[in-house]
Amino acid sequence: MPDTALLDGGVLSTVDAAAGGARVWRRLGSAGVLRDQYRQRTPTGLVADPARLAATLREVDARGDNGITLSVLVQSASALPILAAGTGPEFDRVADGDCEVALAATDTAAAGSDLTGLGTEVELDGDTVRLDGGKRWVTTATRAAYFLVLARHRPGRHFTAFTWVLVPADAAGVRVTPATTTLLAGAGIGHVEFCDVRLPASAVLGRQGRGLALFARHMGTERLAGAQWATALTSRVLAETRESLTRREIDGRALWDHDSIRQEFAACLVRVRSLRALHEALGERVVTDHDTTSAALLKASIGLTADEVLSSCARWRGADGFADDGLQLVRAEAAVFGIGGGVTELMLGAIADDAESLLTELRT
Ligand SMILES: Cc1cc2nc3c(=O)[nH]c(=O)nc-3n(C[C@H](O)[C@H](O)[C@H](O)COP(=O)(O)OP(=O)(O)OC[C@H]3O[C@@H](n4cnc5c(N)ncnc54)[C@H](O)[C@@H]3O)c2cc1C
C-alpha cells in the first residue's frame with residue numbers, strides 16, 4: 001500500500017523539525033502521499049480515502065506544529081479536492097508538492113457564518129473575467145501560488161449566484177497581508193485583496209453558478225479531517241500529560257495518583273475515544289454520500305471535545321502551561337476547531353434542524 005511509509009512515520013522523518021509548511025507540503029507531494037489520500041478524481045473533484053487522510057494528519061500532527069497541520073488539512077481536505085474540478089495544470093503542480101493552494105471563502109464584506117452574504121464579485125465577460133473584493137483569515141495565504149476564490153457573479157443569496165475563480169497569487173491586483181497573530185504561525189494565515197484582477201475565462205473553476213454546490217460537497221471532508229486531526233492532537237497531548245502527571249509530585253504523591261485527576265483524565269479519554277469512534281463511523285457517509293448532518297455532527301464534536309480535553313491538560317501543567325511552547329498556547333490554537341470552516345453554533349443548528357431523522361436512526 002502506498003501509505004505504508006506514512007503509517008510507519010517514514011515520509012516526514014527526512015524533513016527536519018524546524019522546517020516550515022512549504023517543506024512539509026513539498027515532501028508529502030514528492031513522496032506521493034498527497035495523491036494517495038484520494039480514491040478517485042471526478043468532474044466535481046476528489047473523493048477522499050478517510051483512512052489515508054487520517055494517516056497523513058496523524059503524521060503531520062506528530063511534528064507538533066499546529067499551524068502546519070492546519071495548512072495541510074485545509075489543502076488536503078478541501079482546497080486540493082476542489083482544485084481537481086478544474087482542467088488546468090495547477091492541480092498537478094499542487095498535488096506534486098511543487099506549490100501550495102489556499103481556499104478563500106470567508107469574505108471581507110460579511111461574517112464567515114453568513115457565507116451567501118459574501119461581497120467579492122466576479123464579472124464574466126466573454127474571454128475575460130474581472131475580480132474585485134477581499135477575503136480574510138485565509139490559511140496558507142502567505143505562501144500560496146494560487147487562490148481558490150469563492151465569488152458572486154450576480155447579486156442575491158440564491159444558491160446559484162456563486163462561482164469559483166482560480167487566481168494566481170502573482171496576478172496584478174492581488175495583495176496579501178499576513179494576519180497579525182502569534183497563533184498558528186506555520187499556517188501562513190493572511191488577508192487577500194483583489195483589486196481589478198483580470199484573468200482569462202479559463203480562471204473560472206467548475207461550472208458558473210456551481211460554486212456553493214462544489215463547496216458544500218467538499219466542506220464535509222474538511223469537517224471529517226478536522227475530527228481526525230482533533231483525535232490525533234488530543235490523544236498525543238493526553239499521552240504527554242499522563243507522563244507529566246506521573247512525574248509531578250505534590251507532598252510525596254504523584255498527581256496521577258489523585259483520584260479526582262484520574263477520573264477527569266479518564267473522562268477526557270472517553271471523549272477522545274468517542275470522537276474517534278464517531279469519525280470512523282461517519283467517514284464513509286461524509287465522503288461518499290456527502291451527508292451534511294454527519295459532517296455537522298463531526299464538526300460540533302470536535303469543538304466541544306478539543307476545548308474540554310486541552311483545557312484540563314493545560315491546567316494540570318500549572319504555571320509551566322504558560323511557557324511560550326506550553327499547553328495554554330496549544331489550547332488557544334485548538335480553538336480554531338470551533339471556528340475555522342464553520343462555527344460550532346452553526347453546526348449545532350444544522351443538527352437541531354435534522355433532529356427528527358437523527359432520533360429515528362438512534363431509536364432503530
Ligand atoms: C485559524 C483560522 C483559519 C482560517 N482559515 C480559513 C481559510 O483557509 N479559508 C477561509 O475561507 N476561511 C478561513 N477562516 C475563516 C473561518 O472560516 C471563519 O472565521 C468562520 O467561518 C467564522 O466566521 P467569522 O470569523 O466571521 O465569525 P462570525 O461568523 O462573525 O461568528 C462570530 C461568533 O458568533 C457566534 N455565532 C455565529 N453564528 C452563530 C449562530 N448561527 N448562532 C449562534 N452563534 C453564532 C459564534 O460564537 C462565532 O464564533 C479561518 C479562521 C481561522 C480562525
# chains A, B, ... in the order shown; residues from 1 in each chain; ligands from 1
>>> closest_atom_pairs(of="chain A", to="ligand 1", cutoff="8 Å", atoms="only C-alpha atoms and all ligand atoms", output="CSV")
residue,atom,partner,partner_atom_place_in_ligand_line,distance
A:Leu70,CA,ligand 1,3 (C),7.7
A:Ser71,CA,ligand 1,8 (O),7.8
A:Val74,CA,ligand 1,8 (O),6.3
A:Ala102,CA,ligand 1,8 (O),6.2
A:Leu103,CA,ligand 1,9 (N),4.9
A:Ala104,CA,ligand 1,11 (O),4.1
A:Ala105,CA,ligand 1,11 (O),3.4
A:Thr106,CA,ligand 1,11 (O),3.8
A:Asp107,CA,ligand 1,11 (O),7.2
A:Ala110,CA,ligand 1,26 (O),6.9
A:Ala111,CA,ligand 1,26 (O),3.7
A:Gly112,CA,ligand 1,23 (O),3.1
A:Ser113,CA,ligand 1,29 (O),3.6
A:Asp114,CA,ligand 1,29 (O),6.3
A:Leu115,CA,ligand 1,21 (O),7.9
A:Lys135,CA,ligand 1,11 (O),7.0
A:Arg136,CA,ligand 1,12 (N),6.6
A:Trp137,CA,ligand 1,50 (C),4.7
A:Val138,CA,ligand 1,7 (C),3.8
A:Thr139,CA,ligand 1,8 (O),3.7
A:Thr140,CA,ligand 1,8 (O),6.9
A:Ala141,CA,ligand 1,8 (O),7.7
A:Leu183,CA,ligand 1,1 (C),7.9
A:Leu184,CA,ligand 1,1 (C),6.9
A:Ala187,CA,ligand 1,1 (C),7.9
A:Ile189,CA,ligand 1,3 (C),6.6
A:Glu333,CA,ligand 1,1 (C),7.6
A:Ala335,CA,ligand 1,53 (C),7.9
A:Val336,CA,ligand 1,53 (C),5.2
A:Gly338,CA,ligand 1,49 (O),7.4
A:Ile339,CA,ligand 1,20 (C),5.1
A:Gly340,CA,ligand 1,16 (C),3.9
A:Gly341,CA,ligand 1,17 (O),3.9
A:Gly342,CA,ligand 1,21 (O),4.4
A:Val343,CA,ligand 1,49 (O),5.5
A:Thr344,CA,ligand 1,46 (C),7.1
A:Glu345,CA,ligand 1,43 (C),4.8
A:Leu346,CA,ligand 1,41 (N),4.7
A:Gly349,CA,ligand 1,41 (N),6.8
>>> residues_around(residues="Arg248 in chain A", least_positions_apart="6", cutoff="12 Å", atoms="only C-alpha atoms", output="list in words")
Thr241, Arg242, Ala254, Leu255, Trp256, Asp257, His258, Trp316, Arg317, Gly318 and Asp320 of chain A
>>> write_last_selection(atoms="all heavy atoms", output="mmCIF file, in the first residue's frame")
data_model
loop_
_atom_site.group_PDB
_atom_site.id
_atom_site.type_symbol
_atom_site.label_atom_id
_atom_site.label_comp_id
_atom_site.auth_asym_id
_atom_site.auth_seq_id
_atom_site.Cartn_x
_atom_site.Cartn_y
_atom_site.Cartn_z
ATOM 1 N N THR A 241 0.607 14.300 28.717
ATOM 2 C CA THR A 241 0.101 14.772 30.012
ATOM 3 C C THR A 241 0.169 13.656 31.057
ATOM 4 O O THR A 241 0.545 13.883 32.216
ATOM 5 C CB THR A 241 -1.359 15.268 29.858
ATOM 6 O OG1 THR A 241 -1.368 16.332 28.922
ATOM 7 C CG2 THR A 241 -1.932 15.750 31.173
ATOM 8 N N ARG A 242 -0.162 12.447 30.637
ATOM 9 C CA ARG A 242 -0.117 11.336 31.594
ATOM 10 C C ARG A 242 1.313 11.154 32.114
ATOM 11 O O ARG A 242 1.533 10.956 33.311
ATOM 12 C CB ARG A 242 -0.623 10.059 30.940
ATOM 13 C CG ARG A 242 -0.747 8.930 31.925
ATOM 14 C CD ARG A 242 -1.474 7.728 31.384
ATOM 15 N NE ARG A 242 -1.507 6.697 32.408
ATOM 16 C CZ ARG A 242 -0.502 5.870 32.650
ATOM 17 N NH1 ARG A 242 0.596 5.943 31.944
ATOM 18 N NH2 ARG A 242 -0.593 4.973 33.617
ATOM 19 N N ALA A 254 2.388 11.404 43.527
ATOM 20 C CA ALA A 254 2.265 11.832 42.122
ATOM 21 C C ALA A 254 0.851 12.358 41.861
ATOM 22 O O ALA A 254 -0.129 11.818 42.399
ATOM 23 C CB ALA A 254 2.565 10.667 41.197
ATOM 24 N N LEU A 255 0.785 13.386 41.020
ATOM 25 C CA LEU A 255 -0.551 13.921 40.676
ATOM 26 C C LEU A 255 -1.443 12.832 40.076
ATOM 27 O O LEU A 255 -2.650 12.805 40.285
ATOM 28 C CB LEU A 255 -0.408 15.068 39.672
ATOM 29 C CG LEU A 255 -0.144 16.463 40.245
ATOM 30 C CD1 LEU A 255 0.003 17.478 39.125
ATOM 31 C CD2 LEU A 255 -1.274 16.887 41.182
ATOM 32 N N TRP A 256 -0.809 11.932 39.313
ATOM 33 C CA TRP A 256 -1.569 10.845 38.667
ATOM 34 C C TRP A 256 -2.299 9.972 39.691
ATOM 35 O O TRP A 256 -3.303 9.326 39.384
ATOM 36 C CB TRP A 256 -0.617 9.998 37.815
ATOM 37 C CG TRP A 256 -1.275 8.818 37.171
ATOM 38 C CD1 TRP A 256 -1.085 7.505 37.488
ATOM 39 C CD2 TRP A 256 -2.267 8.832 36.135
ATOM 40 N NE1 TRP A 256 -1.885 6.701 36.706
ATOM 41 C CE2 TRP A 256 -2.623 7.485 35.868
ATOM 42 C CE3 TRP A 256 -2.904 9.853 35.416
ATOM 43 C CZ2 TRP A 256 -3.563 7.145 34.899
ATOM 44 C CZ3 TRP A 256 -3.847 9.503 34.453
ATOM 45 C CH2 TRP A 256 -4.166 8.166 34.209
ATOM 46 N N ASP A 257 -1.819 9.962 40.947
ATOM 47 C CA ASP A 257 -2.446 9.120 41.971
ATOM 48 C C ASP A 257 -3.612 9.803 42.690
ATOM 49 O O ASP A 257 -4.207 9.220 43.597
ATOM 50 C CB ASP A 257 -1.389 8.668 43.002
ATOM 51 C CG ASP A 257 -0.383 7.730 42.352
ATOM 52 O OD1 ASP A 257 -0.778 7.038 41.387
ATOM 53 O OD2 ASP A 257 0.783 7.710 42.781
ATOM 54 N N HIS A 258 -3.907 11.039 42.319
ATOM 55 C CA HIS A 258 -5.071 11.714 42.924
ATOM 56 C C HIS A 258 -6.335 11.246 42.200
ATOM 57 O O HIS A 258 -6.418 11.349 40.977
ATOM 58 C CB HIS A 258 -4.935 13.232 42.791
ATOM 59 C CG HIS A 258 -3.914 13.812 43.717
ATOM 60 N ND1 HIS A 258 -4.239 14.625 44.775
ATOM 61 C CD2 HIS A 258 -2.578 13.678 43.747
ATOM 62 C CE1 HIS A 258 -3.147 14.977 45.424
ATOM 63 N NE2 HIS A 258 -2.125 14.410 44.819
ATOM 64 N N TRP A 316 -3.439 21.192 34.258
ATOM 65 C CA TRP A 316 -2.610 20.281 35.059
ATOM 66 C C TRP A 316 -1.119 20.618 34.963
ATOM 67 O O TRP A 316 -0.324 20.101 35.729
ATOM 68 C CB TRP A 316 -2.844 18.829 34.622
ATOM 69 C CG TRP A 316 -4.186 18.298 35.024
ATOM 70 C CD1 TRP A 316 -4.865 18.598 36.175
ATOM 71 C CD2 TRP A 316 -5.015 17.393 34.293
ATOM 72 N NE1 TRP A 316 -6.068 17.932 36.202
ATOM 73 C CE2 TRP A 316 -6.188 17.174 35.058
ATOM 74 C CE3 TRP A 316 -4.902 16.740 33.071
ATOM 75 C CZ2 TRP A 316 -7.218 16.338 34.639
ATOM 76 C CZ3 TRP A 316 -5.917 15.894 32.654
ATOM 77 C CH2 TRP A 316 -7.067 15.700 33.428
ATOM 78 N N ARG A 317 -0.746 21.451 33.999
ATOM 79 C CA ARG A 317 0.667 21.849 33.908
ATOM 80 C C ARG A 317 0.995 23.036 34.812
ATOM 81 O O ARG A 317 2.139 23.479 34.871
ATOM 82 C CB ARG A 317 1.024 22.229 32.462
ATOM 83 C CG ARG A 317 1.048 21.063 31.518
ATOM 84 C CD ARG A 317 2.145 20.080 31.892
ATOM 85 N NE ARG A 317 2.075 18.893 31.073
ATOM 86 C CZ ARG A 317 2.802 18.695 29.994
ATOM 87 N NH1 ARG A 317 3.679 19.595 29.620
ATOM 88 N NH2 ARG A 317 2.664 17.589 29.302
ATOM 89 N N GLY A 318 -0.020 23.612 35.458
ATOM 90 C CA GLY A 318 0.222 24.757 36.344
ATOM 91 C C GLY A 318 0.869 25.897 35.562
ATOM 92 O O GLY A 318 0.523 26.149 34.412
ATOM 93 N N ASP A 320 3.763 26.133 34.220
ATOM 94 C CA ASP A 320 4.502 25.722 33.018
ATOM 95 C C ASP A 320 3.623 25.748 31.762
ATOM 96 O O ASP A 320 4.131 25.873 30.646
ATOM 97 C CB ASP A 320 5.093 24.306 33.189
ATOM 98 C CG ASP A 320 6.224 24.306 34.221
ATOM 99 O OD1 ASP A 320 6.711 25.408 34.564
ATOM 100 O OD2 ASP A 320 6.590 23.213 34.691
#
>>> atom_distance(atom1="CA of Gly303 in chain A", atom2="CA of Leu12 in chain A")
27.9 Å
>>> closest_residue(among="A:Leu348, A:Leu224, A:Ala230, A:Val176", to="Arg285 in chain A", atoms="only C-alpha atoms")
A:Leu224
>>> closest_residue(among="A:Gly220, A:Gly226, A:Pro50, A:Gly134", to="Phe337 in chain A", atoms="only C-alpha atoms")
A:Gly226
>>> residues_around(residues="Val122 in chain A", least_positions_apart="3", cutoff="10 Å", atoms="only C-alpha atoms", output="list in words")
Gly119, Asp125, Val129, Arg130, Leu131, Asp132, Gly133, Val149, Leu150, Ala151, Arg152, His153, Arg154, Phe162, Thr163, Trp164, Val165, Asp196, Val197, Arg198 and Val204 of chain A
>>> select_by_dssp(residues="range 181-351 of chain A", states="strand (DSSP E)", output="PDB file with N, CA, C and O atoms, in the first residue's frame")
ATOM      1  N   GLY A 190      -3.391  34.752   6.190  1.00  0.00           N
ATOM      2  CA  GLY A 190      -3.353  36.131   5.715  1.00  0.00           C
ATOM      3  C   GLY A 190      -4.694  36.601   5.185  1.00  0.00           C
ATOM      4  O   GLY A 190      -5.651  35.821   5.066  1.00  0.00           O
ATOM      5  N   HIS A 191      -4.737  37.892   4.895  1.00  0.00           N
ATOM      6  CA  HIS A 191      -5.919  38.502   4.282  1.00  0.00           C
ATOM      7  C   HIS A 191      -5.544  38.847   2.839  1.00  0.00           C
ATOM      8  O   HIS A 191      -4.401  39.233   2.570  1.00  0.00           O
ATOM      9  N   VAL A 192      -6.492  38.699   1.925  1.00  0.00           N
ATOM     10  CA  VAL A 192      -6.176  38.874   0.499  1.00  0.00           C
ATOM     11  C   VAL A 192      -7.138  39.871  -0.140  1.00  0.00           C
ATOM     12  O   VAL A 192      -8.356  39.742   0.017  1.00  0.00           O
ATOM     13  N   GLU A 193      -6.564  40.856  -0.852  1.00  0.00           N
ATOM     14  CA  GLU A 193      -7.402  41.817  -1.580  1.00  0.00           C
ATOM     15  C   GLU A 193      -7.295  41.535  -3.077  1.00  0.00           C
ATOM     16  O   GLU A 193      -6.214  41.217  -3.571  1.00  0.00           O
ATOM     17  N   PHE A 194      -8.408  41.681  -3.770  1.00  0.00           N
ATOM     18  CA  PHE A 194      -8.430  41.532  -5.223  1.00  0.00           C
ATOM     19  C   PHE A 194      -8.948  42.849  -5.800  1.00  0.00           C
ATOM     20  O   PHE A 194     -10.116  43.203  -5.597  1.00  0.00           O
ATOM     21  N   CYS A 195      -8.066  43.578  -6.457  1.00  0.00           N
ATOM     22  CA  CYS A 195      -8.453  44.901  -6.955  1.00  0.00           C
ATOM     23  C   CYS A 195      -8.323  44.928  -8.478  1.00  0.00           C
ATOM     24  O   CYS A 195      -7.212  44.918  -9.011  1.00  0.00           O
ATOM     25  N   ASP A 196      -9.480  44.859  -9.155  1.00  0.00           N
ATOM     26  CA  ASP A 196      -9.499  44.882 -10.622  1.00  0.00           C
ATOM     27  C   ASP A 196      -8.566  43.811 -11.205  1.00  0.00           C
ATOM     28  O   ASP A 196      -7.761  44.090 -12.098  1.00  0.00           O
ATOM     29  N   VAL A 197      -8.689  42.596 -10.701  1.00  0.00           N
ATOM     30  CA  VAL A 197      -7.850  41.492 -11.186  1.00  0.00           C
ATOM     31  C   VAL A 197      -8.464  40.964 -12.491  1.00  0.00           C
ATOM     32  O   VAL A 197      -9.638  40.602 -12.524  1.00  0.00           O
ATOM     33  N   ARG A 198      -7.675  40.964 -13.566  1.00  0.00           N
ATOM     34  CA  ARG A 198      -8.175  40.499 -14.875  1.00  0.00           C
ATOM     35  C   ARG A 198      -7.528  39.161 -15.215  1.00  0.00           C
ATOM     36  O   ARG A 198      -6.304  39.037 -15.166  1.00  0.00           O
ATOM     37  N   LEU A 199      -8.360  38.195 -15.565  1.00  0.00           N
ATOM     38  CA  LEU A 199      -7.858  36.844 -15.857  1.00  0.00           C
ATOM     39  C   LEU A 199      -8.578  36.292 -17.087  1.00  0.00           C
ATOM     40  O   LEU A 199      -9.676  36.756 -17.426  1.00  0.00           O
ATOM     41  N   PRO A 200      -7.979  35.282 -17.735  1.00  0.00           N
ATOM     42  CA  PRO A 200      -8.697  34.655 -18.852  1.00  0.00           C
ATOM     43  C   PRO A 200      -9.929  33.906 -18.344  1.00  0.00           C
ATOM     44  O   PRO A 200      -9.990  33.523 -17.164  1.00  0.00           O
ATOM     45  N   VAL A 204     -12.257  30.522 -14.421  1.00  0.00           N
ATOM     46  CA  VAL A 204     -13.466  30.022 -13.740  1.00  0.00           C
ATOM     47  C   VAL A 204     -13.311  28.519 -13.543  1.00  0.00           C
ATOM     48  O   VAL A 204     -13.057  27.781 -14.489  1.00  0.00           O
ATOM     49  N   LEU A 205     -13.462  28.080 -12.294  1.00  0.00           N
ATOM     50  CA  LEU A 205     -13.233  26.666 -11.985  1.00  0.00           C
ATOM     51  C   LEU A 205     -14.566  25.970 -11.737  1.00  0.00           C
ATOM     52  O   LEU A 205     -15.363  26.430 -10.924  1.00  0.00           O
ATOM     53  N   GLU A 249       5.215  15.428  41.533  1.00  0.00           N
ATOM     54  CA  GLU A 249       4.804  15.006  42.877  1.00  0.00           C
ATOM     55  C   GLU A 249       4.419  16.208  43.731  1.00  0.00           C
ATOM     56  O   GLU A 249       5.064  17.253  43.674  1.00  0.00           O
ATOM     57  N   ILE A 250       3.375  16.038  44.505  1.00  0.00           N
ATOM     58  CA  ILE A 250       2.987  17.064  45.465  1.00  0.00           C
ATOM     59  C   ILE A 250       2.911  16.385  46.828  1.00  0.00           C
ATOM     60  O   ILE A 250       2.156  15.418  46.991  1.00  0.00           O
ATOM     61  N   ARG A 253       3.442  12.628  46.623  1.00  0.00           N
ATOM     62  CA  ARG A 253       2.458  11.803  45.906  1.00  0.00           C
ATOM     63  C   ARG A 253       2.295  12.330  44.474  1.00  0.00           C
ATOM     64  O   ARG A 253       2.098  13.542  44.288  1.00  0.00           O
ATOM     65  N   ALA A 254       2.388  11.404  43.527  1.00  0.00           N
ATOM     66  CA  ALA A 254       2.265  11.832  42.122  1.00  0.00           C
ATOM     67  C   ALA A 254       0.851  12.358  41.861  1.00  0.00           C
ATOM     68  O   ALA A 254      -0.129  11.818  42.399  1.00  0.00           O
TER      69      ALA A 254
END
>>> closest_residue(among="A:Arg175, A:Arg41, A:Arg26, A:His290", to="Glu100 in chain A", atoms="only C-alpha atoms")
A:Arg26
>>> closest_residue(among="A:Val270, A:Val94, A:Val11, A:Ala145", to="Arg27 in chain A", atoms="only C-alpha atoms")
A:Val11
